[in-house]
Amino acid sequence: MIVKLSELLKEAKKNRYGIPAFAVEDENCMRSAIEAAEEMKSPLIVLAGFKEYSDDKELRDLDYRTHTFLHYCEEASVPIALTRDHTYKYEDAIIGVKSGFQCIMADRSKLPFEENVAQVAEIVKVCHAAGVDVEAELGHVGLGLDLQNDGNVFTVPEEAAEYVKRTNCDSLAVSIGNAHGLYKGTPKLQFDRLEQLVNATDVPLVLHGATGIPEEDVTRACQSGICKVNVGTDTYMACRDGVLNADLSGSKVYGVFDAMYGSYKEVLKHWMTITGSAGKAA
Ligand code: 13P
């Protein structure tokens with residue numbers, strides 16, 4: 001069944017667990033993700049569309065994909081929310097609303113504070129009027145290879161409190177030592193900062209860039225107030241490794257898609273276990 005993201009995250013916040021949000025690229029990923037969630041009795045968050053859509057063909061593809069995903073999600077026995085990840089332009093957010101997403105991420109984290117507030121507050125007004133949630137980002141979650149150790153990107157708790165009040169966003173992505181993509185070395189999450197952020201704000205907090213964070217830190221972050229855990233790279237690596245490690249010799253090559261999507265499904269189940277979402281849709 002399809003639900004609003006804020007409903008899923010409200011439960012997660014109250015009961016101190018996280019819900020993984022996965023990159024879902026196509027219909028077969030969508031089916032595998034639903035199977036994983038149903039087997040684990042876990043709520044599911046689908047991340048679709050990481051990029052800006054500029055030409056008509058891309059927009060039609062996004063619209064088609066979203067409608068197809070919604071169709072599968074409606075029939076699932078677990079609650080699912082579809083999020084349009086990382087939009088950077090007003091138009092992209094509106095297109096996301098029109099396509100049927102339950103949440104739009106409005107990422108203005110590279111802008112100065114006041115501009116970030118002004119642009120996101122405007123999008124929140126429009127999205128809320130359409131019954132759609134908005135995830136925002138304060139501080140900046142960059143790419144693991146270049147931003148992970150840059151102190152300027154971390155989310156400041158006092159600013160987060162003001163930001164949430166002024167934008168009226170529904171959830172907030174924070175920068176606490178996390179970064180997208182592959183990390184250089186082992187990332188160290190700042191749990192003190194996380195605690196201050198949880199105390200300073202009343203919205204669910206989101207951890208982007210979960211791939212590569214040690215499992216025990218993911219679990220601790222979820223028990224400490226992270227409610228949504230964005231996973232991308234790990235799902236793509238699972239697809240790649242599923243194919244590379246399978247015996248696809250001769251006519252076993254017919255198994256290539258099973259190898260890819262089977263491996264994708266297993267990695268999703270693993271994230272549902274370490275975030276604590278497994279069993280929460282029971
Ligand atoms: P990773 O690719 O690092 O797991 O991050 C995904 C993400 O945060 C998408 O928003």
# chains A, B, ... in the order shown; residues from 1 in each chain; ligands from 1
>>> residues_near_ligand(ligand="ligand 1", cutoff="9 Å", atoms="only C-alpha atoms and all ligand atoms", output="ChimeraX atom specification")
/A:21-23,47,50,85-86,141,143-144,178-183,207-213,229-236
>>> write_last_selection(atoms="N, CA and C atoms", output="PDB file, in the first residue's frame")
ATOM      1  N   ALA A  21      16.000   3.712   2.530  1.00  0.00           N
ATOM      2  CA  ALA A  21      15.411   4.241   1.291  1.00  0.00           C
ATOM      3  C   ALA A  21      16.366   3.856   0.172  1.00  0.00           C
ATOM      4  N   PHE A  22      15.856   3.071  -0.782  1.00  0.00           N
ATOM      5  CA  PHE A  22      16.738   2.462  -1.773  1.00  0.00           C
ATOM      6  C   PHE A  22      16.599   3.073  -3.161  1.00  0.00           C
ATOM      7  N   ALA A  23      17.730   3.107  -3.867  1.00  0.00           N
ATOM      8  CA  ALA A  23      17.697   3.443  -5.285  1.00  0.00           C
ATOM      9  C   ALA A  23      16.969   2.318  -6.025  1.00  0.00           C
ATOM     10  N   LEU A  47      13.615   5.409  -3.579  1.00  0.00           N
ATOM     11  CA  LEU A  47      14.241   6.632  -4.107  1.00  0.00           C
ATOM     12  C   LEU A  47      14.222   6.542  -5.619  1.00  0.00           C
ATOM     13  N   PHE A  50      17.539  10.541  -9.408  1.00  0.00           N
ATOM     14  CA  PHE A  50      18.591  11.258  -8.703  1.00  0.00           C
ATOM     15  C   PHE A  50      18.962  12.543  -9.426  1.00  0.00           C
ATOM     16  N   ASP A  85      14.225  11.867  -5.197  1.00  0.00           N
ATOM     17  CA  ASP A  85      15.444  12.232  -4.493  1.00  0.00           C
ATOM     18  C   ASP A  85      16.103  13.464  -5.148  1.00  0.00           C
ATOM     19  N   HIS A  86      16.767  14.261  -4.365  1.00  0.00           N
ATOM     20  CA  HIS A  86      17.605  15.378  -4.836  1.00  0.00           C
ATOM     21  C   HIS A  86      17.058  16.159  -6.035  1.00  0.00           C
ATOM     22  N   VAL A 141      25.841  17.246   2.260  1.00  0.00           N
ATOM     23  CA  VAL A 141      26.355  15.885   2.117  1.00  0.00           C
ATOM     24  C   VAL A 141      26.962  15.783   0.723  1.00  0.00           C
ATOM     25  N   LEU A 143      30.331  14.367  -1.870  1.00  0.00           N
ATOM     26  CA  LEU A 143      30.818  13.074  -2.355  1.00  0.00           C
ATOM     27  C   LEU A 143      31.935  12.594  -1.444  1.00  0.00           C
ATOM     28  N   GLY A 144      31.883  11.298  -1.102  1.00  0.00           N
ATOM     29  CA  GLY A 144      32.831  10.747  -0.143  1.00  0.00           C
ATOM     30  C   GLY A 144      34.279  11.027  -0.473  1.00  0.00           C
ATOM     31  N   ASN A 178      28.886  11.943   7.089  1.00  0.00           N
ATOM     32  CA  ASN A 178      28.429  11.070   5.990  1.00  0.00           C
ATOM     33  C   ASN A 178      28.643  11.758   4.640  1.00  0.00           C
ATOM     34  N   ALA A 179      28.764  10.969   3.587  1.00  0.00           N
ATOM     35  CA  ALA A 179      28.936  11.523   2.235  1.00  0.00           C
ATOM     36  C   ALA A 179      28.458  10.487   1.218  1.00  0.00           C
ATOM     37  N   HIS A 180      28.045  10.964   0.055  1.00  0.00           N
ATOM     38  CA  HIS A 180      27.575  10.055  -0.992  1.00  0.00           C
ATOM     39  C   HIS A 180      28.730   9.281  -1.632  1.00  0.00           C
ATOM     40  N   GLY A 181      28.408   8.126  -2.178  1.00  0.00           N
ATOM     41  CA  GLY A 181      29.404   7.366  -2.951  1.00  0.00           C
ATOM     42  C   GLY A 181      30.383   6.640  -2.049  1.00  0.00           C
ATOM     43  N   LEU A 182      31.543   6.345  -2.591  1.00  0.00           N
ATOM     44  CA  LEU A 182      32.536   5.579  -1.828  1.00  0.00           C
ATOM     45  C   LEU A 182      33.387   6.496  -0.960  1.00  0.00           C
ATOM     46  N   TYR A 183      33.614   6.079   0.270  1.00  0.00           N
ATOM     47  CA  TYR A 183      34.426   6.866   1.201  1.00  0.00           C
ATOM     48  C   TYR A 183      35.905   6.588   0.991  1.00  0.00           C
ATOM     49  N   LEU A 207      19.739  10.240   6.974  1.00  0.00           N
ATOM     50  CA  LEU A 207      21.170  10.005   6.730  1.00  0.00           C
ATOM     51  C   LEU A 207      21.359   9.607   5.268  1.00  0.00           C
ATOM     52  N   HIS A 208      21.948  10.511   4.496  1.00  0.00           N
ATOM     53  CA  HIS A 208      22.313  10.166   3.109  1.00  0.00           C
ATOM     54  C   HIS A 208      23.691   9.508   3.124  1.00  0.00           C
ATOM     55  N   GLY A 209      24.015   8.846   2.002  1.00  0.00           N
ATOM     56  CA  GLY A 209      25.367   8.299   1.870  1.00  0.00           C
ATOM     57  C   GLY A 209      25.657   7.150   2.812  1.00  0.00           C
ATOM     58  N   ALA A 210      24.681   6.255   2.967  1.00  0.00           N
ATOM     59  CA  ALA A 210      24.855   5.189   3.974  1.00  0.00           C
ATOM     60  C   ALA A 210      25.856   4.114   3.545  1.00  0.00           C
ATOM     61  N   THR A 211      26.046   3.941   2.236  1.00  0.00           N
ATOM     62  CA  THR A 211      27.000   2.921   1.774  1.00  0.00           C
ATOM     63  C   THR A 211      28.385   3.173   2.368  1.00  0.00           C
ATOM     64  N   GLY A 212      28.956   2.145   2.988  1.00  0.00           N
ATOM     65  CA  GLY A 212      30.322   2.260   3.482  1.00  0.00           C
ATOM     66  C   GLY A 212      30.408   2.638   4.953  1.00  0.00           C
ATOM     67  N   ILE A 213      29.291   3.062   5.560  1.00  0.00           N
ATOM     68  CA  ILE A 213      29.306   3.359   7.001  1.00  0.00           C
ATOM     69  C   ILE A 213      29.270   2.010   7.732  1.00  0.00           C
ATOM     70  N   VAL A 229      17.332   6.154   6.017  1.00  0.00           N
ATOM     71  CA  VAL A 229      18.736   5.875   5.666  1.00  0.00           C
ATOM     72  C   VAL A 229      18.821   5.674   4.149  1.00  0.00           C
ATOM     73  N   ASN A 230      19.425   6.620   3.448  1.00  0.00           N
ATOM     74  CA  ASN A 230      19.493   6.533   1.976  1.00  0.00           C
ATOM     75  C   ASN A 230      20.639   5.640   1.517  1.00  0.00           C
ATOM     76  N   VAL A 231      20.288   4.630   0.717  1.00  0.00           N
ATOM     77  CA  VAL A 231      21.287   3.672   0.240  1.00  0.00           C
ATOM     78  C   VAL A 231      21.250   3.641  -1.288  1.00  0.00           C
ATOM     79  N   GLY A 232      22.361   3.966  -1.906  1.00  0.00           N
ATOM     80  CA  GLY A 232      22.430   3.933  -3.361  1.00  0.00           C
ATOM     81  C   GLY A 232      23.533   3.005  -3.842  1.00  0.00           C
ATOM     82  N   THR A 233      24.777   3.448  -3.633  1.00  0.00           N
ATOM     83  CA  THR A 233      25.947   2.744  -4.173  1.00  0.00           C
ATOM     84  C   THR A 233      25.934   1.248  -3.848  1.00  0.00           C
ATOM     85  N   ASP A 234      25.556   0.901  -2.626  1.00  0.00           N
ATOM     86  CA  ASP A 234      25.581  -0.507  -2.224  1.00  0.00           C
ATOM     87  C   ASP A 234      24.633  -1.353  -3.087  1.00  0.00           C
ATOM     88  N   THR A 235      23.524  -0.764  -3.499  1.00  0.00           N
ATOM     89  CA  THR A 235      22.571  -1.530  -4.317  1.00  0.00           C
ATOM     90  C   THR A 235      23.140  -1.754  -5.728  1.00  0.00           C
ATOM     91  N   TYR A 236      23.831  -0.731  -6.253  1.00  0.00           N
ATOM     92  CA  TYR A 236      24.445  -0.891  -7.586  1.00  0.00           C
ATOM     93  C   TYR A 236      25.588  -1.908  -7.529  1.00  0.00           C
TER      94      TYR A 236
END
>>> select_by_dssp(residues="segment 201-248 of chain A", states="strand (DSSP E or B)", output="PyMOL selection string")
chain A and resi 205-207+226-231
>>> residues_around(residues="Glu39 of chain A", least_positions_apart="4", cutoff="10 Å", atoms="only C-alpha atoms", output="list in words")
Ala33, Ile34, Glu35, Val78, Lys269, Ala278 and Gly279 of chain A
>>> residues_around(residues="Asp63 of chain A", least_positions_apart="3", cutoff="6 Å", atoms="only C-alpha atoms", output="list in words")
Arg60, Thr66 and Ser99 of chain A
>>> select_by_dssp(residues="segment 40-229 of chain A", states="alpha helix (DSSP H)", output="JSON, numbers by chain")
{"A": [40, 56, 57, 58, 59, 60, 61, 62, 63, 64, 65, 66, 67, 68, 69, 70, 71, 72, 73, 74, 75, 90, 91, 92, 93, 94, 95, 96, 97, 98, 99, 113, 114, 115, 116, 117, 118, 119, 120, 121, 122, 123, 124, 125, 126, 127, 128, 129, 144, 145, 146, 147, 157, 158, 159, 160, 161, 162, 163, 164, 165, 166, 167, 191, 192, 193, 194, 195, 196, 197, 198, 199, 200, 215, 216, 217, 218, 219, 220, 221, 222, 223]}
>>> closest_residue(among="A:Ile45, A:Ala246, A:Leu194, A:Ala12", to="Leu268 of chain A", atoms="only C-alpha atoms")
A:Ile45
>>> residues_around(residues="segment 167-172 of chain A", least_positions_apart="6", cutoff="9 Å", atoms="only C-alpha atoms", output="list of chain:residue names")
A:Leu5, A:Ser6, A:Leu9, A:Asn116, A:Val117, A:Ala118, A:Gln119, A:Val120, A:Ala121, A:Glu122, A:Ile123, A:Val124, A:Lys125, A:Asp133, A:Val134, A:Glu135, A:Ala136, A:Glu137, A:Leu138, A:Ala160, A:Asp202, A:Val203, A:Pro204, A:Leu205, A:Val206, A:Leu207
>>> write_last_selection(atoms="N, CA and C atoms", output="PDB file, in the first residue's frame")
ATOM      1  N   LEU A   5       5.249   9.595   3.264  1.00  0.00           N
ATOM      2  CA  LEU A   5       6.526   9.330   3.926  1.00  0.00           C
ATOM      3  C   LEU A   5       6.474   9.783   5.385  1.00  0.00           C
ATOM      4  N   SER A   6       5.820  10.939   5.623  1.00  0.00           N
ATOM      5  CA  SER A   6       5.802  11.464   6.999  1.00  0.00           C
ATOM      6  C   SER A   6       5.137  10.487   7.969  1.00  0.00           C
ATOM      7  N   LEU A   9       7.771   7.880   8.774  1.00  0.00           N
ATOM      8  CA  LEU A   9       8.880   8.414   9.577  1.00  0.00           C
ATOM      9  C   LEU A   9       8.429   8.786  10.994  1.00  0.00           C
ATOM     10  N   ASN A 116      18.714  29.125   0.968  1.00  0.00           N
ATOM     11  CA  ASN A 116      18.215  27.768   1.172  1.00  0.00           C
ATOM     12  C   ASN A 116      16.828  27.837   1.837  1.00  0.00           C
ATOM     13  N   VAL A 117      16.717  28.633   2.897  1.00  0.00           N
ATOM     14  CA  VAL A 117      15.434  28.781   3.610  1.00  0.00           C
ATOM     15  C   VAL A 117      14.359  29.293   2.648  1.00  0.00           C
ATOM     16  N   ALA A 118      14.666  30.367   1.931  1.00  0.00           N
ATOM     17  CA  ALA A 118      13.647  31.011   1.093  1.00  0.00           C
ATOM     18  C   ALA A 118      13.142  30.056   0.009  1.00  0.00           C
ATOM     19  N   GLN A 119      14.053  29.375  -0.674  1.00  0.00           N
ATOM     20  CA  GLN A 119      13.634  28.498  -1.783  1.00  0.00           C
ATOM     21  C   GLN A 119      12.858  27.282  -1.273  1.00  0.00           C
ATOM     22  N   VAL A 120      13.340  26.702  -0.178  1.00  0.00           N
ATOM     23  CA  VAL A 120      12.672  25.482   0.318  1.00  0.00           C
ATOM     24  C   VAL A 120      11.305  25.834   0.919  1.00  0.00           C
ATOM     25  N   ALA A 121      11.207  26.971   1.618  1.00  0.00           N
ATOM     26  CA  ALA A 121       9.913  27.363   2.199  1.00  0.00           C
ATOM     27  C   ALA A 121       8.856  27.494   1.103  1.00  0.00           C
ATOM     28  N   GLU A 122       9.255  28.017  -0.032  1.00  0.00           N
ATOM     29  CA  GLU A 122       8.326  28.191  -1.160  1.00  0.00           C
ATOM     30  C   GLU A 122       7.851  26.816  -1.686  1.00  0.00           C
ATOM     31  N   ILE A 123       8.803  25.895  -1.830  1.00  0.00           N
ATOM     32  CA  ILE A 123       8.450  24.562  -2.326  1.00  0.00           C
ATOM     33  C   ILE A 123       7.557  23.821  -1.323  1.00  0.00           C
ATOM     34  N   VAL A 124       7.852  24.005  -0.043  1.00  0.00           N
ATOM     35  CA  VAL A 124       7.032  23.348   0.987  1.00  0.00           C
ATOM     36  C   VAL A 124       5.578  23.804   0.865  1.00  0.00           C
ATOM     37  N   LYS A 125       5.369  25.119   0.656  1.00  0.00           N
ATOM     38  CA  LYS A 125       3.997  25.643   0.540  1.00  0.00           C
ATOM     39  C   LYS A 125       3.248  24.922  -0.582  1.00  0.00           C
ATOM     40  N   ASP A 133       4.959  15.553   0.932  1.00  0.00           N
ATOM     41  CA  ASP A 133       5.977  15.946   1.916  1.00  0.00           C
ATOM     42  C   ASP A 133       7.229  16.502   1.246  1.00  0.00           C
ATOM     43  N   VAL A 134       8.000  17.234   2.036  1.00  0.00           N
ATOM     44  CA  VAL A 134       9.281  17.754   1.529  1.00  0.00           C
ATOM     45  C   VAL A 134      10.409  17.375   2.495  1.00  0.00           C
ATOM     46  N   GLU A 135      11.448  16.771   1.920  1.00  0.00           N
ATOM     47  CA  GLU A 135      12.691  16.548   2.671  1.00  0.00           C
ATOM     48  C   GLU A 135      13.672  17.634   2.235  1.00  0.00           C
ATOM     49  N   ALA A 136      14.306  18.278   3.211  1.00  0.00           N
ATOM     50  CA  ALA A 136      15.290  19.319   2.881  1.00  0.00           C
ATOM     51  C   ALA A 136      16.659  18.884   3.400  1.00  0.00           C
ATOM     52  N   GLU A 137      17.662  19.676   3.091  1.00  0.00           N
ATOM     53  CA  GLU A 137      19.015  19.334   3.565  1.00  0.00           C
ATOM     54  C   GLU A 137      19.711  20.584   4.076  1.00  0.00           C
ATOM     55  N   LEU A 138      20.294  20.468   5.257  1.00  0.00           N
ATOM     56  CA  LEU A 138      21.075  21.582   5.803  1.00  0.00           C
ATOM     57  C   LEU A 138      22.445  21.064   6.217  1.00  0.00           C
ATOM     58  N   ALA A 160      19.834  24.328  12.435  1.00  0.00           N
ATOM     59  CA  ALA A 160      18.829  23.330  12.041  1.00  0.00           C
ATOM     60  C   ALA A 160      17.484  23.652  12.684  1.00  0.00           C
ATOM     61  N   ASP A 202      12.341  18.930  15.700  1.00  0.00           N
ATOM     62  CA  ASP A 202      11.268  17.969  15.983  1.00  0.00           C
ATOM     63  C   ASP A 202      10.871  17.164  14.743  1.00  0.00           C
ATOM     64  N   VAL A 203      11.638  17.287  13.659  1.00  0.00           N
ATOM     65  CA  VAL A 203      11.316  16.499  12.456  1.00  0.00           C
ATOM     66  C   VAL A 203      12.240  15.273  12.386  1.00  0.00           C
ATOM     67  N   PRO A 204      11.819  14.227  11.666  1.00  0.00           N
ATOM     68  CA  PRO A 204      12.698  13.063  11.486  1.00  0.00           C
ATOM     69  C   PRO A 204      13.961  13.456  10.723  1.00  0.00           C
ATOM     70  N   LEU A 205      15.083  12.887  11.131  1.00  0.00           N
ATOM     71  CA  LEU A 205      16.367  13.201  10.484  1.00  0.00           C
ATOM     72  C   LEU A 205      16.741  12.084   9.506  1.00  0.00           C
ATOM     73  N   VAL A 206      17.438  12.478   8.454  1.00  0.00           N
ATOM     74  CA  VAL A 206      17.751  11.565   7.346  1.00  0.00           C
ATOM     75  C   VAL A 206      19.268  11.466   7.178  1.00  0.00           C
ATOM     76  N   LEU A 207      19.739  10.240   6.974  1.00  0.00           N
ATOM     77  CA  LEU A 207      21.170  10.005   6.730  1.00  0.00           C
ATOM     78  C   LEU A 207      21.359   9.607   5.268  1.00  0.00           C
TER      79      LEU A 207
END
>>> residues_around(residues="segment 40-43 of chain A", least_positions_apart="2", cutoff="8 Å", atoms="only C-alpha atoms", output="PDB file with N, CA, C and O atoms, in the first residue's frame")
ATOM      1  N   LEU A   8       5.279   7.156   7.762  1.00  0.00           N
ATOM      2  CA  LEU A   8       6.285   6.118   8.055  1.00  0.00           C
ATOM      3  C   LEU A   8       7.333   6.648   9.031  1.00  0.00           C
ATOM      4  O   LEU A   8       7.727   5.966   9.977  1.00  0.00           O
ATOM      5  N   ILE A  19      14.385   3.555   8.578  1.00  0.00           N
ATOM      6  CA  ILE A  19      13.829   2.855   7.414  1.00  0.00           C
ATOM      7  C   ILE A  19      14.754   3.131   6.237  1.00  0.00           C
ATOM      8  O   ILE A  19      15.033   4.293   5.917  1.00  0.00           O
ATOM      9  N   ALA A  36      11.474  -8.121  -1.068  1.00  0.00           N
ATOM     10  CA  ALA A  36      12.356  -8.036   0.111  1.00  0.00           C
ATOM     11  C   ALA A  36      11.576  -7.479   1.302  1.00  0.00           C
ATOM     12  O   ALA A  36      11.634  -8.015   2.411  1.00  0.00           O
ATOM     13  N   ALA A  37      10.825  -6.394   1.065  1.00  0.00           N
ATOM     14  CA  ALA A  37      10.091  -5.748   2.162  1.00  0.00           C
ATOM     15  C   ALA A  37       9.005  -6.683   2.706  1.00  0.00           C
ATOM     16  O   ALA A  37       8.797  -6.771   3.922  1.00  0.00           O
ATOM     17  N   GLU A  38       8.342  -7.400   1.808  1.00  0.00           N
ATOM     18  CA  GLU A  38       7.277  -8.302   2.276  1.00  0.00           C
ATOM     19  C   GLU A  38       7.872  -9.462   3.076  1.00  0.00           C
ATOM     20  O   GLU A  38       7.354  -9.843   4.121  1.00  0.00           O
ATOM     21  N   ILE A  45      10.974   2.526   1.556  1.00  0.00           N
ATOM     22  CA  ILE A  45      11.024   3.841   0.910  1.00  0.00           C
ATOM     23  C   ILE A  45      11.786   3.685  -0.399  1.00  0.00           C
ATOM     24  O   ILE A  45      12.879   3.105  -0.425  1.00  0.00           O
ATOM     25  N   VAL A  78       2.937  -4.320   2.282  1.00  0.00           N
ATOM     26  CA  VAL A  78       3.654  -3.477   3.258  1.00  0.00           C
ATOM     27  C   VAL A  78       3.511  -2.004   2.836  1.00  0.00           C
ATOM     28  O   VAL A  78       3.287  -1.716   1.662  1.00  0.00           O
ATOM     29  N   PRO A  79       3.650  -1.076   3.803  1.00  0.00           N
ATOM     30  CA  PRO A  79       3.537   0.345   3.439  1.00  0.00           C
ATOM     31  C   PRO A  79       4.771   0.838   2.688  1.00  0.00           C
ATOM     32  O   PRO A  79       5.904   0.540   3.089  1.00  0.00           O
ATOM     33  N   ILE A  80       4.530   1.590   1.628  1.00  0.00           N
ATOM     34  CA  ILE A  80       5.631   2.074   0.790  1.00  0.00           C
ATOM     35  C   ILE A  80       5.428   3.557   0.464  1.00  0.00           C
ATOM     36  O   ILE A  80       4.308   3.975   0.156  1.00  0.00           O
ATOM     37  N   LYS A 269      17.514  -6.639   2.015  1.00  0.00           N
ATOM     38  CA  LYS A 269      17.095  -7.316   3.255  1.00  0.00           C
ATOM     39  C   LYS A 269      18.111  -7.063   4.365  1.00  0.00           C
ATOM     40  O   LYS A 269      17.755  -6.881   5.529  1.00  0.00           O
ATOM     41  N   MET A 272      17.512  -3.683   5.783  1.00  0.00           N
ATOM     42  CA  MET A 272      16.303  -3.667   6.628  1.00  0.00           C
ATOM     43  C   MET A 272      16.617  -4.228   8.008  1.00  0.00           C
ATOM     44  O   MET A 272      16.049  -3.814   9.018  1.00  0.00           O
ATOM     45  N   SER A 277      14.298  -1.792  10.589  1.00  0.00           N
ATOM     46  CA  SER A 277      12.942  -1.678  10.011  1.00  0.00           C
ATOM     47  C   SER A 277      12.270  -3.044   9.837  1.00  0.00           C
ATOM     48  O   SER A 277      11.056  -3.128   9.715  1.00  0.00           O
ATOM     49  N   ALA A 278      13.085  -4.124   9.843  1.00  0.00           N
ATOM     50  CA  ALA A 278      12.517  -5.469   9.672  1.00  0.00           C
ATOM     51  C   ALA A 278      11.503  -5.729  10.790  1.00  0.00           C
ATOM     52  O   ALA A 278      11.771  -5.442  11.964  1.00  0.00           O
ATOM     53  N   GLY A 279      10.351  -6.240  10.413  1.00  0.00           N
ATOM     54  CA  GLY A 279       9.319  -6.566  11.400  1.00  0.00           C
ATOM     55  C   GLY A 279       8.392  -5.397  11.727  1.00  0.00           C
ATOM     56  O   GLY A 279       7.353  -5.575  12.341  1.00  0.00           O
ATOM     57  N   LYS A 280       8.743  -4.186  11.276  1.00  0.00           N
ATOM     58  CA  LYS A 280       7.966  -3.003  11.672  1.00  0.00           C
ATOM     59  C   LYS A 280       6.707  -2.794  10.825  1.00  0.00           C
ATOM     60  O   LYS A 280       5.917  -1.910  11.100  1.00  0.00           O
ATOM     61  N   ALA A 281       6.546  -3.639   9.797  1.00  0.00           N
ATOM     62  CA  ALA A 281       5.295  -3.544   9.022  1.00  0.00           C
ATOM     63  C   ALA A 281       4.364  -4.689   9.399  1.00  0.00           C
ATOM     64  O   ALA A 281       3.329  -4.876   8.763  1.00  0.00           O
ATOM     65  N   ALA A 282       4.752  -5.431  10.405  1.00  0.00           N
ATOM     66  CA  ALA A 282       3.964  -6.634  10.757  1.00  0.00           C
ATOM     67  C   ALA A 282       2.597  -6.230  11.295  1.00  0.00           C
ATOM     68  O   ALA A 282       2.488  -5.223  11.963  1.00  0.00           O
TER      69      ALA A 282
END
>>> decode(residues="segment 195-206 of chain A", atoms="N, CA and C atoms", output="tab-separated table (two decimals), in the first residue's frame")
chain	number	residue	atom	x	y	z
A	195	GLU	N	23.07	13.77	18.36
A	195	GLU	CA	22.25	13.93	19.56
A	195	GLU	C	21.76	15.38	19.69
A	196	GLN	N	22.67	16.31	19.43
A	196	GLN	CA	22.28	17.74	19.52
A	196	GLN	C	21.23	18.08	18.46
A	197	LEU	N	21.38	17.50	17.29
A	197	LEU	CA	20.40	17.77	16.22
A	197	LEU	C	19.03	17.19	16.57
A	198	VAL	N	19.04	16.00	17.15
A	198	VAL	CA	17.77	15.37	17.54
A	198	VAL	C	17.08	16.25	18.61
A	199	ASN	N	17.87	16.76	19.54
A	199	ASN	CA	17.29	17.60	20.60
A	199	ASN	C	16.83	18.96	20.08
A	200	ALA	N	17.49	19.45	19.04
A	200	ALA	CA	17.19	20.81	18.55
A	200	ALA	C	16.00	20.85	17.59
A	201	THR	N	15.65	19.70	17.00
A	201	THR	CA	14.61	19.71	15.97
A	201	THR	C	13.50	18.73	16.32
A	202	ASP	N	12.34	18.93	15.70
A	202	ASP	CA	11.27	17.97	15.98
A	202	ASP	C	10.87	17.16	14.74
A	203	VAL	N	11.64	17.29	13.66
A	203	VAL	CA	11.32	16.50	12.46
A	203	VAL	C	12.24	15.27	12.39
A	204	PRO	N	11.82	14.23	11.67
A	204	PRO	CA	12.70	13.06	11.49
A	204	PRO	C	13.96	13.46	10.72
A	205	LEU	N	15.08	12.89	11.13
A	205	LEU	CA	16.37	13.20	10.48
A	205	LEU	C	16.74	12.08	9.51
A	206	VAL	N	17.44	12.48	8.45
A	206	VAL	CA	17.75	11.57	7.35
A	206	VAL	C	19.27	11.47	7.18
